[in-house]
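Dropping start_16.pdb in here (PDB, C-alpha atoms):
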ATOM      1  CA  MET Z 812      60.668 158.136  -3.420
ATOM      2  CA  GLU Z 813      62.498 155.986  -5.941
ATOM      3  CA  ILE Z 814      62.680 152.350  -4.789
ATOM      4  CA  LYS Z 815      63.822 149.125  -6.390
ATOM      5  CA  PHE Z 816      62.857 145.527  -5.606
ATOM      6  CA  ILE Z 817      65.561 142.882  -5.840
ATOM      7  CA  ARG Z 818      64.893 139.210  -5.161
ATOM      8  CA  ALA Z 819      66.734 138.128  -2.028
ATOM      9  CA  LEU Z 820      69.628 135.718  -2.312
ATOM     10  CA  ASN Z 821      69.972 132.773   0.050
ATOM     11  CA  SER Z 822      73.151 134.394   1.336
ATOM     12  CA  GLU Z 823      70.993 137.290   2.634
ATOM     13  CA  LEU Z 824      68.935 135.143   5.014
ATOM     14  CA  GLY Z 825      70.716 136.712   7.993
ATOM     15  CA  ASP Z 826      69.680 140.185   6.791
ATOM     16  CA  ALA Z 827      66.028 139.099   6.695
ATOM     17  CA  LEU Z 828      66.172 137.644  10.207
ATOM     18  CA  HIS Z 829      67.854 140.857  11.371
ATOM     19  CA  PHE Z 830      65.071 142.947   9.770
ATOM     20  CA  PHE Z 831      62.468 140.857  11.620
ATOM     21  CA  LYS Z 832      64.305 141.355  14.906
ATOM     22  CA  LEU Z 833      64.569 145.128  14.364
ATOM     23  CA  ALA Z 834      60.850 145.297  13.562
ATOM     24  CA  SER Z 835      60.006 143.292  16.677
ATOM     25  CA  GLN Z 836      62.102 145.563  18.881
ATOM     26  CA  SER Z 837      60.588 148.668  17.294
ATOM     27  CA  LEU Z 838      57.065 147.360  17.883
ATOM     28  CA  ALA Z 839      57.916 146.525  21.505
ATOM     29  CA  LYS Z 840      59.075 150.118  22.068
ATOM     30  CA  LYS Z 841      55.644 151.219  20.818
ATOM     31  CA  LYS Z 842      53.989 148.793  23.270
ATOM     32  CA  VAL Z 843      52.748 146.568  20.422
ATOM     33  CA  SER Z 844      53.117 142.878  21.271
ATOM     34  CA  GLN Z 845      53.032 141.721  17.648
ATOM     35  CA  TRP Z 846      56.024 139.738  16.340
ATOM     36  CA  SER Z 847      57.723 139.473  19.749
ATOM     37  CA  TYR Z 848      58.869 135.963  18.747
ATOM     38  CA  TRP Z 849      61.294 137.455  16.199
ATOM     39  CA  VAL Z 850      63.651 138.566  18.984
ATOM     40  CA  ASP Z 851      64.487 134.879  19.456
ATOM     41  CA  PRO Z 852      62.574 133.116  16.662
ATOM     42  CA  PRO Z 853      61.347 129.549  17.066
ATOM     43  CA  GLU Z 854      62.601 126.972  14.581
ATOM     44  CA  GLU Z 855      59.260 126.872  12.722
ATOM     45  CA  LYS Z 856      59.478 130.607  11.948
ATOM     46  CA  ILE Z 857      63.072 130.309  10.755
ATOM     47  CA  SER Z 858      62.050 127.352   8.569
ATOM     48  CA  TRP Z 859      59.209 129.430   7.112
ATOM     49  CA  VAL Z 860      61.689 132.152   6.149
ATOM     50  CA  ILE Z 861      64.176 129.628   4.708
ATOM     51  CA  GLU Z 862      61.368 128.109   2.628
ATOM     52  CA  GLY Z 863      60.551 131.572   1.280
ATOM     53  CA  PHE Z 864      64.187 132.173   0.367
ATOM     54  CA  ASP Z 865      64.439 128.768  -1.294
ATOM     55  CA  ASN Z 866      61.294 129.553  -3.323
ATOM     56  CA  GLY Z 867      62.548 132.991  -4.388
ATOM     57  CA  GLU Z 868      59.658 134.743  -2.603
ATOM     58  CA  PHE Z 869      61.578 137.295  -0.517
ATOM     59  CA  TYR Z 870      62.543 140.677  -1.917
ATOM     60  CA  PHE Z 871      64.639 143.454  -0.477
ATOM     61  CA  VAL Z 872      63.754 147.054  -1.195
ATOM     62  CA  TYR Z 873      66.540 149.495  -2.009
ATOM     63  CA  ASP Z 874      66.465 153.268  -2.150
ATOM     64  CA  SER Z 875      68.130 155.291  -4.908
ATOM     65  CA  ASP Z 876      71.394 155.332  -2.920
ATOM     66  CA  GLY Z 877      71.518 151.527  -2.805
ATOM     67  CA  ASN Z 878      70.518 151.219   0.861
ATOM     68  CA  LYS Z 879      68.549 148.111   1.834
ATOM     69  CA  ILE Z 880      65.540 149.767   3.506
ATOM     70  CA  ALA Z 881      62.738 147.191   3.565
ATOM     71  CA  MET Z 882      61.706 143.672   2.613
ATOM     72  CA  PHE Z 883      58.623 141.627   1.833
ATOM     73  CA  ARG Z 884      57.599 138.135   0.788
ATOM     74  CA  LEU Z 885      55.302 137.592  -2.187
ATOM     75  CA  LEU Z 886      53.767 134.145  -2.650
ATOM     76  CA  LYS Z 887      51.713 132.505  -5.404
ATOM     77  CA  LYS Z 888      49.911 130.347  -2.847
ATOM     78  CA  ASP Z 889      49.369 130.465   0.900
ATOM     79  CA  THR Z 890      47.590 127.561   2.533
ATOM     80  CA  LEU Z 891      49.164 128.318   5.921
ATOM     81  CA  TYR Z 892      46.811 131.267   6.488
ATOM     82  CA  TRP Z 893      44.222 130.880   3.721
ATOM     83  CA  ASP Z 894      43.612 127.096   3.769
ATOM     84  CA  GLU Z 895      42.025 125.885   0.492
ATOM     85  CA  LYS Z 896      41.428 129.474  -0.685
ATOM     86  CA  GLY Z 897      45.203 129.863  -0.627
ATOM     87  CA  ILE Z 898      45.658 128.062  -3.937
ATOM     88  CA  GLU Z 899      43.427 130.265  -6.086
ATOM     89  CA  LYS Z 900      44.908 131.059  -9.456
ATOM     90  CA  ASN Z 901      45.785 134.627 -10.388
ATOM     91  CA  THR Z 902      46.137 135.600  -6.722
ATOM     92  CA  ARG Z 903      49.195 136.714  -4.792
ATOM     93  CA  TYR Z 904      49.860 136.823  -1.059
ATOM     94  CA  ILE Z 905      52.065 139.385   0.624
ATOM     95  CA  HIS Z 906      53.779 138.696   3.932
ATOM     96  CA  SER Z 907      56.460 140.178   6.106
ATOM     97  CA  LEU Z 908      56.472 143.740   4.869
ATOM     98  CA  VAL Z 909      59.189 145.220   7.065
ATOM     99  CA  VAL Z 910      60.626 148.708   6.851
ATOM    100  CA  VAL Z 911      63.928 149.185   8.643
ATOM    101  CA  PRO Z 912      63.012 151.272  11.722
ATOM    102  CA  SER Z 913      65.532 154.013  10.917
ATOM    103  CA  TYR Z 914      63.555 154.616   7.684
ATOM    104  CA  SER Z 915      60.137 154.474   9.361
ATOM    105  CA  GLY Z 916      57.772 157.387   8.868
ATOM    106  CA  GLN Z 917      59.147 158.284   5.424
ATOM    107  CA  GLY Z 918      56.340 156.699   3.388
ATOM    108  CA  ILE Z 919      58.404 153.667   2.402
ATOM    109  CA  GLY Z 920      55.750 151.133   3.375
ATOM    110  CA  LYS Z 921      53.218 153.007   1.270
ATOM    111  CA  ALA Z 922      55.611 153.248  -1.682
ATOM    112  CA  VAL Z 923      56.295 149.506  -1.469
ATOM    113  CA  MET Z 924      52.599 148.596  -1.296
ATOM    114  CA  LEU Z 925      51.668 150.870  -4.200
ATOM    115  CA  LYS Z 926      54.494 149.508  -6.356
ATOM    116  CA  ILE Z 927      53.534 145.894  -5.585
ATOM    117  CA  ILE Z 928      49.899 146.634  -6.460
ATOM    118  CA  ASP Z 929      50.930 148.352  -9.693
ATOM    119  CA  LEU Z 930      53.251 145.512 -10.750
ATOM    120  CA  LEU Z 931      50.598 142.890 -10.014
ATOM    121  CA  LYS Z 932      48.019 144.817 -12.047
ATOM    122  CA  GLN Z 933      50.495 144.985 -14.946
ATOM    123  CA  ASP Z 934      50.865 141.193 -14.669
ATOM    124  CA  LYS Z 935      47.043 140.822 -14.769
ATOM    125  CA  ILE Z 936      46.898 139.366 -11.253
ATOM    126  CA  GLU Z 937      43.290 139.560 -10.033
ATOM    127  CA  LYS Z 938      43.646 139.513  -6.237
ATOM    128  CA  LEU Z 939      46.164 140.483  -3.598
ATOM    129  CA  ARG Z 940      45.755 138.995  -0.135
ATOM    130  CA  LEU Z 941      47.453 139.467   3.189
ATOM    131  CA  ASP Z 942      46.978 138.739   6.849
ATOM    132  CA  CYS Z 943      47.758 140.896   9.828
ATOM    133  CA  ASP Z 944      47.540 140.588  13.570
ATOM    134  CA  GLY Z 945      43.951 141.445  14.483
ATOM    135  CA  SER Z 946      45.070 142.824  17.853
ATOM    136  CA  ASN Z 947      46.824 145.702  16.063
ATOM    137  CA  PRO Z 948      43.976 148.038  14.987
ATOM    138  CA  ARG Z 949      46.396 150.621  13.614
ATOM    139  CA  LEU Z 950      47.899 148.074  11.224
ATOM    140  CA  CYS Z 951      44.450 146.808  10.234
ATOM    141  CA  ARG Z 952      43.360 150.368   9.382
ATOM    142  CA  TYR Z 953      46.599 150.856   7.447
ATOM    143  CA  TYR Z 954      45.670 148.026   5.078
ATOM    144  CA  GLU Z 955      42.000 148.979   4.945
ATOM    145  CA  ASP Z 956      43.071 152.466   3.836
ATOM    146  CA  TYR Z 957      44.611 150.858   0.727
ATOM    147  CA  GLY Z 958      41.279 149.273  -0.112
ATOM    148  CA  PHE Z 959      41.836 145.846   1.416
ATOM    149  CA  VAL Z 960      38.631 144.280   2.714
ATOM    150  CA  LYS Z 961      38.544 141.927   5.680
ATOM    151  CA  VAL Z 962      37.205 138.598   4.454
ATOM    152  CA  GLY Z 963      37.932 136.364   7.446
ATOM    153  CA  GLU Z 964      40.134 135.446  10.383
ATOM    154  CA  LYS Z 965      42.702 132.758  10.999
ATOM    155  CA  SER Z 966      43.815 131.714  14.473
ATOM    156  CA  THR Z 967      47.400 130.588  14.759
ATOM    157  CA  LYS Z 968      49.688 129.675  17.612
ATOM    158  CA  TYR Z 969      50.897 133.291  17.679
ATOM    159  CA  ALA Z 970      47.851 135.461  16.950
ATOM    160  CA  VAL Z 971      44.378 135.828  15.557
ATOM    161  CA  ASN Z 972      45.020 137.206  12.111
ATOM    162  CA  ASN Z 973      42.610 139.214  10.021
ATOM    163  CA  LEU Z 974      42.544 138.050   6.419
ATOM    164  CA  TYR Z 975      42.405 140.859   3.872
ATOM    165  CA  GLU Z 976      41.807 140.842   0.141
ATOM    166  CA  MET Z 977      42.014 143.445  -2.609
ATOM    167  CA  ILE Z 978      40.500 142.950  -6.046
ATOM    168  CA  LEU Z 979      43.018 144.263  -8.595
ATOM    169  CA  SER Z 980      41.227 143.729 -11.903
TER
END

Whole structure, structure tokens version:
Amino acid sequence: MEIKFIRALNSELGDALHFFKLASQSLAKKKVSQWSYWVDPPEEKISWVIEGFDNGEFYFVYDSDGNKIAMFRLLKKDTLYWDEKGIEKNTRYIHSLVVVPSYSGQGIGKAVMLKIIDLLKQDKIEKLRLDCDGSNPRLCRYYEDYGFVKVGEKSTKYAVNNLYEMILS
């Protein structure tokens, strides 16, 4: 599948919040409690998204027909989940990979992940890190299948997150 990443504009903040809500509702239908707060997000979550938009960290994913089918956030540092390790040079952090539910099951998440990994390797980035809700074993396996290795856990107000890392170089 041909996909294109385009940095999100501040005017698209509503689209991102809508994507989060759709993902939350889709997970709820599958009896997965993860991200339930996105149905009616608390101010701190909205602020986190606004910060990402202000920093130019959110990207929308478009298919070859120009449809907005997914999004993700790519950060140069992440002390929220990774504490002092979250400022390591030559490392990137991926968050909020969301595929619009109507496009689910078409390999879009995989295409996005593989393209991100490829682009980071081209840029000589050494590590890619992410966190995911440790109570979702299917999602944890999904990332482990890419070669991510669990290197820790981080408890937050919303979940116990597994911390994953992939060496790219």

Practice item. For the structure shown, which residues end up in the PyMOL selection byres ((chain Z and resi 925) around 12)? Put them as an MDAnalysis selection string, please? Key: chainID Z and resid 812 814 918:924 926:932 939 954 956:958 979

Practice item. Please evaluate the PyMOL selection byres ((chain Z and resi 868) around 8) against the structure above and give the resulting residues as number ranges by chain. Key: Z: 818-819, 863-867, 869-870, 884-886

Review point. Between CA of Ser875 in chain Z and CA of Lys841 in chain Z, what is the spacing in Å?
Key: 28.9 Å

Check your understanding: If the PyMOL selection byres ((chain Z and resi 962) around 9) is run on the structure shown, which residues does it catch, given as a list in words?
Key -> Val960, Lys961, Gly963, Glu964, Asn973, Leu974, Tyr975 and Glu976 of chain Z

Please write out, as lines of an AutoDock Vina configuration file, where the centre of an axis-aligned box around all listed atoms of range 927-946 of chain Z lies and how long its edges are, in Å to one decimal, after adding 6 Å on each side.
center_x = 48.4
center_y = 143.5
center_z = 1.5
size_x = 22.2
size_y = 21.6
size_z = 44.8

Review point. Of the candidates Z:Val911, Z:Asp851, Z:Trp846, Z:Ile978, which shows the shortest atom-to-atom distance to Cys943 in chain Z, using all atoms listed in the file?
Key: Z:Trp846

Point to revise | Residue among Z:Glu813, Z:Ser822, Z:Ala834, Z:Leu891 lying closest to Tyr873 in chain Z, counting only C-alpha atoms | key: Z:Glu813

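One distance worth recording is that between CA of Tyr904 in chain Z and CA of Arg952 in chain Z, which is 18.3 Å.
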
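Proximity of Z:Val872, Z:Val910, Z:Val971, Z:Leu824 to Ser858 in chain Z, computed with all atoms listed in the file, is greatest for Z:Leu824.
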
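Relative to CA of His829 in chain Z, CA of Ser915 in chain Z is found at 15.8 Å.
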
Review point. Could you pull the residues within 12 Å of Leu838 in chain Z, counting all atoms listed in the file, minus those fewer than 5 positions along the same chain, as a VMD selection string?
Key: chain Z and resid 831 to 833 843 to 850 909 to 912 915 947 949 to 950

Exercise for review: Would you mind listing what lies within 12 Å of Ile898 in chain Z as an MDAnalysis selection string, with all atoms listed in the file counted and same-chain residues fewer than 3 positions away left out?
Suggested key: chainID Z and resid 886:895 901:904 938 940

Would you put the residues from that selection into a file with C-alpha atoms, as a PDB file, keeping the file's coordinate frame?
ATOM      1  CA  LEU Z 886      53.767 134.145  -2.650  1.00  0.00           C
ATOM      2  CA  LYS Z 887      51.713 132.505  -5.404  1.00  0.00           C
ATOM      3  CA  LYS Z 888      49.911 130.347  -2.847  1.00  0.00           C
ATOM      4  CA  ASP Z 889      49.369 130.465   0.900  1.00  0.00           C
ATOM      5  CA  THR Z 890      47.590 127.561   2.533  1.00  0.00           C
ATOM      6  CA  LEU Z 891      49.164 128.318   5.921  1.00  0.00           C
ATOM      7  CA  TYR Z 892      46.811 131.267   6.488  1.00  0.00           C
ATOM      8  CA  TRP Z 893      44.222 130.880   3.721  1.00  0.00           C
ATOM      9  CA  ASP Z 894      43.612 127.096   3.769  1.00  0.00           C
ATOM     10  CA  GLU Z 895      42.025 125.885   0.492  1.00  0.00           C
ATOM     11  CA  ASN Z 901      45.785 134.627 -10.388  1.00  0.00           C
ATOM     12  CA  THR Z 902      46.137 135.600  -6.722  1.00  0.00           C
ATOM     13  CA  ARG Z 903      49.195 136.714  -4.792  1.00  0.00           C
ATOM     14  CA  TYR Z 904      49.860 136.823  -1.059  1.00  0.00           C
ATOM     15  CA  LYS Z 938      43.646 139.513  -6.237  1.00  0.00           C
ATOM     16  CA  ARG Z 940      45.755 138.995  -0.135  1.00  0.00           C
TER      17      ARG Z 940
END

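Of the listed residues Z:Cys951, Z:Gly945, Z:Ser966, Z:Ala827, the one whose atoms come nearest to Ile857 in chain Z is Z:Ala827, with distances taken using only C-alpha atoms.
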
Can I get range 943-954 of chain Z with all heavy atoms filled in, as a PDB file, in the frame of the given file?
ATOM      1  N   CYS Z 943      47.060 140.097   8.816  1.00  0.00           N
ATOM      2  CA  CYS Z 943      47.758 140.896   9.828  1.00  0.00           C
ATOM      3  C   CYS Z 943      47.146 140.612  11.187  1.00  0.00           C
ATOM      4  O   CYS Z 943      46.004 140.171  11.304  1.00  0.00           O
ATOM      5  CB  CYS Z 943      47.753 142.387   9.496  1.00  0.00           C
ATOM      6  SG  CYS Z 943      46.223 143.243   9.741  1.00  0.00           S
ATOM      7  N   ASP Z 944      47.932 140.850  12.191  1.00  0.00           N
ATOM      8  CA  ASP Z 944      47.540 140.588  13.570  1.00  0.00           C
ATOM      9  C   ASP Z 944      46.312 141.431  13.909  1.00  0.00           C
ATOM     10  O   ASP Z 944      46.363 142.656  13.898  1.00  0.00           O
ATOM     11  CB  ASP Z 944      48.701 140.924  14.505  1.00  0.00           C
ATOM     12  CG  ASP Z 944      48.476 140.463  15.925  1.00  0.00           C
ATOM     13  OD1 ASP Z 944      47.324 140.513  16.409  1.00  0.00           O
ATOM     14  OD2 ASP Z 944      49.451 140.067  16.573  1.00  0.00           O
ATOM     15  N   GLY Z 945      45.209 140.762  14.190  1.00  0.00           N
ATOM     16  CA  GLY Z 945      43.951 141.445  14.483  1.00  0.00           C
ATOM     17  C   GLY Z 945      43.981 142.265  15.755  1.00  0.00           C
ATOM     18  O   GLY Z 945      43.110 143.121  15.962  1.00  0.00           O
ATOM     19  N   SER Z 946      44.981 142.045  16.609  1.00  0.00           N
ATOM     20  CA  SER Z 946      45.070 142.824  17.853  1.00  0.00           C
ATOM     21  C   SER Z 946      45.760 144.169  17.633  1.00  0.00           C
ATOM     22  O   SER Z 946      45.928 144.933  18.578  1.00  0.00           O
ATOM     23  CB  SER Z 946      45.823 142.027  18.930  1.00  0.00           C
ATOM     24  OG  SER Z 946      47.200 141.937  18.615  1.00  0.00           O
ATOM     25  N   ASN Z 947      46.149 144.454  16.391  1.00  0.00           N
ATOM     26  CA  ASN Z 947      46.824 145.702  16.063  1.00  0.00           C
ATOM     27  C   ASN Z 947      45.894 146.545  15.176  1.00  0.00           C
ATOM     28  O   ASN Z 947      46.009 146.519  13.946  1.00  0.00           O
ATOM     29  CB  ASN Z 947      48.154 145.415  15.353  1.00  0.00           C
ATOM     30  CG  ASN Z 947      48.990 146.653  15.123  1.00  0.00           C
ATOM     31  OD1 ASN Z 947      48.486 147.770  15.142  1.00  0.00           O
ATOM     32  ND2 ASN Z 947      50.265 146.451  14.880  1.00  0.00           N
ATOM     33  N   PRO Z 948      44.958 147.291  15.790  1.00  0.00           N
ATOM     34  CA  PRO Z 948      43.976 148.038  14.987  1.00  0.00           C
ATOM     35  C   PRO Z 948      44.605 149.071  14.068  1.00  0.00           C
ATOM     36  O   PRO Z 948      44.082 149.337  12.986  1.00  0.00           O
ATOM     37  CB  PRO Z 948      43.072 148.690  16.032  1.00  0.00           C
ATOM     38  CG  PRO Z 948      43.826 148.648  17.313  1.00  0.00           C
ATOM     39  CD  PRO Z 948      44.773 147.488  17.229  1.00  0.00           C
ATOM     40  N   ARG Z 949      45.725 149.626  14.472  1.00  0.00           N
ATOM     41  CA  ARG Z 949      46.396 150.621  13.614  1.00  0.00           C
ATOM     42  C   ARG Z 949      46.869 149.976  12.311  1.00  0.00           C
ATOM     43  O   ARG Z 949      46.712 150.543  11.226  1.00  0.00           O
ATOM     44  CB  ARG Z 949      47.562 151.242  14.376  1.00  0.00           C
ATOM     45  CG  ARG Z 949      48.235 152.347  13.621  1.00  0.00           C
ATOM     46  CD  ARG Z 949      49.247 153.065  14.507  1.00  0.00           C
ATOM     47  NE  ARG Z 949      49.927 154.090  13.747  1.00  0.00           N
ATOM     48  CZ  ARG Z 949      51.213 154.309  13.780  1.00  0.00           C
ATOM     49  NH1 ARG Z 949      51.983 153.586  14.573  1.00  0.00           N
ATOM     50  NH2 ARG Z 949      51.749 155.263  13.050  1.00  0.00           N
ATOM     51  N   LEU Z 950      47.437 148.781  12.416  1.00  0.00           N
ATOM     52  CA  LEU Z 950      47.899 148.074  11.224  1.00  0.00           C
ATOM     53  C   LEU Z 950      46.713 147.647  10.357  1.00  0.00           C
ATOM     54  O   LEU Z 950      46.768 147.747   9.132  1.00  0.00           O
ATOM     55  CB  LEU Z 950      48.741 146.857  11.618  1.00  0.00           C
ATOM     56  CG  LEU Z 950      49.360 146.070  10.470  1.00  0.00           C
ATOM     57  CD1 LEU Z 950      50.294 146.945   9.640  1.00  0.00           C
ATOM     58  CD2 LEU Z 950      50.100 144.852  11.015  1.00  0.00           C
ATOM     59  N   CYS Z 951      45.648 147.194  10.992  1.00  0.00           N
ATOM     60  CA  CYS Z 951      44.450 146.808  10.234  1.00  0.00           C
ATOM     61  C   CYS Z 951      43.913 148.000   9.446  1.00  0.00           C
ATOM     62  O   CYS Z 951      43.594 147.870   8.252  1.00  0.00           O
ATOM     63  CB  CYS Z 951      43.383 146.257  11.177  1.00  0.00           C
ATOM     64  SG  CYS Z 951      43.847 144.693  11.964  1.00  0.00           S
ATOM     65  N   ARG Z 952      43.823 149.154  10.079  1.00  0.00           N
ATOM     66  CA  ARG Z 952      43.360 150.368   9.382  1.00  0.00           C
ATOM     67  C   ARG Z 952      44.304 150.744   8.245  1.00  0.00           C
ATOM     68  O   ARG Z 952      43.869 151.202   7.193  1.00  0.00           O
ATOM     69  CB  ARG Z 952      43.232 151.542  10.358  1.00  0.00           C
ATOM     70  CG  ARG Z 952      41.938 151.555  11.136  1.00  0.00           C
ATOM     71  CD  ARG Z 952      41.722 152.867  11.873  1.00  0.00           C
ATOM     72  NE  ARG Z 952      42.852 153.295  12.678  1.00  0.00           N
ATOM     73  CZ  ARG Z 952      43.133 152.874  13.912  1.00  0.00           C
ATOM     74  NH1 ARG Z 952      42.332 152.006  14.497  1.00  0.00           N
ATOM     75  NH2 ARG Z 952      44.191 153.324  14.559  1.00  0.00           N
ATOM     76  N   TYR Z 953      45.589 150.556   8.462  1.00  0.00           N
ATOM     77  CA  TYR Z 953      46.599 150.856   7.447  1.00  0.00           C
ATOM     78  C   TYR Z 953      46.267 150.110   6.156  1.00  0.00           C
ATOM     79  O   TYR Z 953      46.264 150.700   5.066  1.00  0.00           O
ATOM     80  CB  TYR Z 953      47.976 150.456   7.987  1.00  0.00           C
ATOM     81  CG  TYR Z 953      49.135 150.635   7.048  1.00  0.00           C
ATOM     82  CD1 TYR Z 953      49.724 151.876   6.854  1.00  0.00           C
ATOM     83  CD2 TYR Z 953      49.678 149.552   6.369  1.00  0.00           C
ATOM     84  CE1 TYR Z 953      50.813 152.046   6.005  1.00  0.00           C
ATOM     85  CE2 TYR Z 953      50.764 149.702   5.523  1.00  0.00           C
ATOM     86  CZ  TYR Z 953      51.323 150.950   5.345  1.00  0.00           C
ATOM     87  OH  TYR Z 953      52.403 151.106   4.510  1.00  0.00           O
ATOM     88  N   TYR Z 954      45.982 148.818   6.267  1.00  0.00           N
ATOM     89  CA  TYR Z 954      45.670 148.026   5.078  1.00  0.00           C
ATOM     90  C   TYR Z 954      44.282 148.352   4.528  1.00  0.00           C
ATOM     91  O   TYR Z 954      44.083 148.393   3.311  1.00  0.00           O
ATOM     92  CB  TYR Z 954      45.831 146.535   5.363  1.00  0.00           C
ATOM     93  CG  TYR Z 954      47.280 146.151   5.552  1.00  0.00           C
ATOM     94  CD1 TYR Z 954      47.729 145.576   6.727  1.00  0.00           C
ATOM     95  CD2 TYR Z 954      48.205 146.388   4.539  1.00  0.00           C
ATOM     96  CE1 TYR Z 954      49.065 145.250   6.889  1.00  0.00           C
ATOM     97  CE2 TYR Z 954      49.546 146.066   4.694  1.00  0.00           C
ATOM     98  CZ  TYR Z 954      49.964 145.491   5.871  1.00  0.00           C
ATOM     99  OH  TYR Z 954      51.291 145.176   6.026  1.00  0.00           O
TER     100      TYR Z 954
END
